[in-house]
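The structure under discussion appears below in the form of structure tokens.
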Amino acid sequence: QDEPTPVATREFEIRDERPYLGGKPVDLWGIRFGNALYSTAVTERHINNFDNMVAHGINMIGVYLQGPNAGWPNPDAGLDGFRRDGRLKPEVAKRLETLIREADRRGMVVQVGVFSPRKDQNLYNEAAIRKAIEETAGLLVRRKLKNVFVDLVHEYNHAERIDYELLREPDGAAKKAKLTQWFKDVAPDIEVGVCPAFPSDTADTYPGMDVRIIQKGASIPSEGFVVNIETPRQDVYENDGVFLPESIDAILANCRRYLDAPNAVMLFHSAYC
């Protein structure tokens, strides 16, 4: 039996270095939920908090198909949404679509991350990397999930954890352009970028990039539509959510920097969520 034709979400766009959703300008404030796709129950917990987030001014979230730091006792225990040959796991695809559609119902934008430096080694080879990118793009196009932008590689050129040569220097600009072209061949209308490791000697711009993605303490560029997808955390790993007064001051100062930058938005670092 054929699947019913999906209803398209609102479309996220970048016009003149500014974000638009559903054809209208939008001010974005976000939170990074790197492990929100870990299980159906975890995804549901995040969705159940969407109304609370919106009530507090949050209208953008970041999630990853290959999960980042999973916390104590095993930082590497996060989700890997791909099989080793690059196929997207059907149950993960379903969770992602559900989360994106629930976000759209509330006027939210979703940053979809593809590769993580903790998981790239799980893929067999470069053909599997390409397959994973094409499967992600195909899901978004086929299911008409448009209220999104994509971070193809989180922490490109990570000094310790990135395994594949394709995902690190040298020749980073050409390699990032290659990854982006694989995505654009399937999903030409979805905005995409690559997040450099911080600190790193790899650039935050490259040919074909739509979103200028940075992280942590990187300076806010004056050109391009800039997204800091993982702001500097001020609490300590394994003591999450405990902030000293000076830490709160630092968080507020960073928020002010992004509020004052007309071409830049941020996703607050929410530890292992």
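By order in the structure tokens, chains are A, B, ...; within a chain, residues start at 1; ligands start at 1, following the order shown.
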List as number ranges by chain the protein and nucleic acid residues near A:Ala250, meaning an atom at most 12 Å away when only C-alpha atoms are counted, but skip any in the same chain fewer than 3 places from it.
A: 217, 231-235, 243-247, 253-257
Mind the document's chain letters and residue numbers, and return as a ChimeraX atom specification the residues of stretch 19-216 of chain A that DSSP labels alpha helix (DSSP H).
/A:40-48,50-55,90-105,126-142,172-186
Residues within 12 Å of A:His269, only C-alpha atoms, excluding chain neighbours under 5 positions, as an MDAnalysis selection string:
chainID A and resid 29:34 61:63 68:69 215:217 228:237 240:241 251 254:255
Restricting the calculation to only C-alpha atoms, which member of A:Arg212, A:Lys146, A:Arg105, A:His154 is positioned closest to A:Pro117?
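Using only C-alpha atoms, A:Pro117 sits closest to A:His154.
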Under the rule that only C-alpha atoms are counted, which of A:Arg87, A:Lys131, A:Thr98, A:Met266 is the nearest residue to A:Ile58?
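Counting only C-alpha atoms, the residue closest to A:Ile58 is A:Met266.
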Considering only C-alpha atoms, state which residue in the set A:Asp104, A:Ser116, A:His158, A:Phe183 is at the smallest distance from A:Leu139.
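Of A:Asp104, A:Ser116, A:His158, A:Phe183, the one nearest A:Leu139 is A:Phe183, counting only C-alpha atoms.
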Name the residues in contact with A:Ala36 at a cut-off of 12 Å, using only C-alpha atoms, excluding same-chain residues fewer than 3 positions from it; report them as an MDAnalysis selection string.
chainID A and resid 31:33 39:49 61:70 78:81 92 95:96 98:100 110:113 270:273
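With only C-alpha atoms as the atoms that count, the residue of A:Ala77, A:Ala8, A:Ala127, A:Val148 with the shortest distance to A:Tyr20 is A:Val148.
If you measure from each of A:Gly22, A:Gly172, A:Pro188, A:Pro6 to A:Pro207 using only C-alpha atoms, the closest one turns out to be A:Gly172.
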I'd like to know which residues of stretch 172-221 of chain A are strand (DSSP E) (by DSSP, run on the backbone); could you write them as a PyMOL selection string?
chain A and resi 191-193+212-214
Output file for the residues above (all heavy atoms, as a PDB file, in the first residue's frame):
```pdb
ATOM      1  N   GLU A 191      18.923  24.378   3.029  1.00  0.00           N
ATOM      2  CA  GLU A 191      20.157  25.066   3.396  1.00  0.00           C
ATOM      3  C   GLU A 191      21.072  24.136   4.196  1.00  0.00           C
ATOM      4  O   GLU A 191      20.620  23.359   5.036  1.00  0.00           O
ATOM      5  CB  GLU A 191      19.838  26.316   4.215  1.00  0.00           C
ATOM      6  CG  GLU A 191      19.299  27.481   3.406  1.00  0.00           C
ATOM      7  CD  GLU A 191      17.880  27.313   2.915  1.00  0.00           C
ATOM      8  OE1 GLU A 191      17.191  26.398   3.410  1.00  0.00           O
ATOM      9  OE2 GLU A 191      17.448  28.081   2.041  1.00  0.00           O
ATOM     10  N   VAL A 192      22.374  24.279   3.940  1.00  0.00           N
ATOM     11  CA  VAL A 192      23.332  23.332   4.504  1.00  0.00           C
ATOM     12  C   VAL A 192      24.645  24.035   4.800  1.00  0.00           C
ATOM     13  O   VAL A 192      24.995  25.045   4.176  1.00  0.00           O
ATOM     14  CB  VAL A 192      23.526  22.145   3.527  1.00  0.00           C
ATOM     15  CG1 VAL A 192      24.154  22.608   2.229  1.00  0.00           C
ATOM     16  CG2 VAL A 192      24.328  21.027   4.148  1.00  0.00           C
ATOM     17  N   GLY A 193      25.382  23.492   5.762  1.00  0.00           N
ATOM     18  CA  GLY A 193      26.714  23.968   6.092  1.00  0.00           C
ATOM     19  C   GLY A 193      27.486  22.875   6.807  1.00  0.00           C
ATOM     20  O   GLY A 193      27.002  21.765   6.986  1.00  0.00           O
ATOM     21  N   ARG A 212      26.572  29.646   7.524  1.00  0.00           N
ATOM     22  CA  ARG A 212      27.923  29.772   8.077  1.00  0.00           C
ATOM     23  C   ARG A 212      27.883  29.293   9.523  1.00  0.00           C
ATOM     24  O   ARG A 212      27.508  30.043  10.430  1.00  0.00           O
ATOM     25  CB  ARG A 212      28.406  31.214   7.966  1.00  0.00           C
ATOM     26  CG  ARG A 212      29.887  31.382   8.266  1.00  0.00           C
ATOM     27  CD  ARG A 212      30.371  32.769   7.886  1.00  0.00           C
ATOM     28  NE  ARG A 212      31.801  32.896   8.068  1.00  0.00           N
ATOM     29  CZ  ARG A 212      32.517  33.976   7.730  1.00  0.00           C
ATOM     30  NH1 ARG A 212      31.893  35.022   7.173  1.00  0.00           N
ATOM     31  NH2 ARG A 212      33.824  34.018   7.920  1.00  0.00           N
ATOM     32  N   ILE A 213      28.258  28.048   9.727  1.00  0.00           N
ATOM     33  CA  ILE A 213      28.106  27.414  11.031  1.00  0.00           C
ATOM     34  C   ILE A 213      29.405  27.550  11.829  1.00  0.00           C
ATOM     35  O   ILE A 213      30.494  27.263  11.324  1.00  0.00           O
ATOM     36  CB  ILE A 213      27.727  25.932  10.880  1.00  0.00           C
ATOM     37  CG1 ILE A 213      26.408  25.795  10.122  1.00  0.00           C
ATOM     38  CG2 ILE A 213      27.619  25.254  12.236  1.00  0.00           C
ATOM     39  CD1 ILE A 213      25.989  24.362   9.846  1.00  0.00           C
ATOM     40  N   ILE A 214      29.271  27.995  13.079  1.00  0.00           N
ATOM     41  CA  ILE A 214      30.388  28.082  14.012  1.00  0.00           C
ATOM     42  C   ILE A 214      29.969  27.419  15.315  1.00  0.00           C
ATOM     43  O   ILE A 214      28.833  26.957  15.460  1.00  0.00           O
ATOM     44  CB  ILE A 214      30.821  29.545  14.256  1.00  0.00           C
ATOM     45  CG1 ILE A 214      29.658  30.354  14.869  1.00  0.00           C
ATOM     46  CG2 ILE A 214      31.301  30.192  12.949  1.00  0.00           C
ATOM     47  CD1 ILE A 214      30.051  31.766  15.290  1.00  0.00           C
TER      48      ILE A 214
END
```
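Counting only C-alpha atoms, A:Arg83 has the following residues at most 10 Å away, ignoring those fewer than 3 positions along the same chain: Asp80, Gly86, Arg87, Leu88, Lys89, Asn122, Leu123, Tyr124, Ala128 and Ala132 of chain A.
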Quick one: write out the picked residues with N, CA and C atoms as a PDB file, in the first residue's frame?
```
ATOM      1  N   ASP A  80      23.652   6.072  17.009  1.00  0.00           N
ATOM      2  CA  ASP A  80      24.117   6.142  15.631  1.00  0.00           C
ATOM      3  C   ASP A  80      22.920   5.803  14.755  1.00  0.00           C
ATOM      4  N   GLY A  86      25.708   3.137   5.552  1.00  0.00           N
ATOM      5  CA  GLY A  86      25.179   4.480   5.329  1.00  0.00           C
ATOM      6  C   GLY A  86      23.674   4.576   5.244  1.00  0.00           C
ATOM      7  N   ARG A  87      22.963   3.456   5.277  1.00  0.00           N
ATOM      8  CA  ARG A  87      21.503   3.513   5.254  1.00  0.00           C
ATOM      9  C   ARG A  87      20.978   4.116   6.561  1.00  0.00           C
ATOM     10  N   LEU A  88      20.005   5.005   6.435  1.00  0.00           N
ATOM     11  CA  LEU A  88      19.364   5.601   7.599  1.00  0.00           C
ATOM     12  C   LEU A  88      18.415   4.584   8.219  1.00  0.00           C
ATOM     13  N   LYS A  89      18.544   4.359   9.514  1.00  0.00           N
ATOM     14  CA  LYS A  89      17.695   3.374  10.180  1.00  0.00           C
ATOM     15  C   LYS A  89      16.245   3.853  10.156  1.00  0.00           C
ATOM     16  N   ASN A 122      32.173   4.428  12.422  1.00  0.00           N
ATOM     17  CA  ASN A 122      31.246   3.303  12.287  1.00  0.00           C
ATOM     18  C   ASN A 122      30.873   3.023  10.832  1.00  0.00           C
ATOM     19  N   LEU A 123      31.035   4.016   9.977  1.00  0.00           N
ATOM     20  CA  LEU A 123      30.700   3.845   8.567  1.00  0.00           C
ATOM     21  C   LEU A 123      31.826   3.100   7.844  1.00  0.00           C
ATOM     22  N   TYR A 124      31.452   2.239   6.905  1.00  0.00           N
ATOM     23  CA  TYR A 124      32.438   1.373   6.257  1.00  0.00           C
ATOM     24  C   TYR A 124      33.499   2.138   5.493  1.00  0.00           C
ATOM     25  N   ALA A 128      29.849   4.842   2.008  1.00  0.00           N
ATOM     26  CA  ALA A 128      28.851   4.846   3.075  1.00  0.00           C
ATOM     27  C   ALA A 128      28.580   6.264   3.566  1.00  0.00           C
ATOM     28  N   ALA A 132      24.915   7.952   3.449  1.00  0.00           N
ATOM     29  CA  ALA A 132      24.267   8.555   4.618  1.00  0.00           C
ATOM     30  C   ALA A 132      23.772   9.960   4.310  1.00  0.00           C
TER      31      ALA A 132
END
```
Could you list, as a PyMOL selection string, every residue within 12 Å of A:Arg168, counting only C-alpha atoms and ignoring same-chain residues fewer than 4 positions away?
chain A and resi 117+120+153-164+172-176+179+194-197+200-203
What gap, in Å, lies between atom CA of A:Phe82 and atom CA of A:Leu37?
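That distance, rounded to one decimal, is 12.1 Å.
Atom CA of A:Leu28 is positioned 6.2 Å from atom CA of A:Met60.
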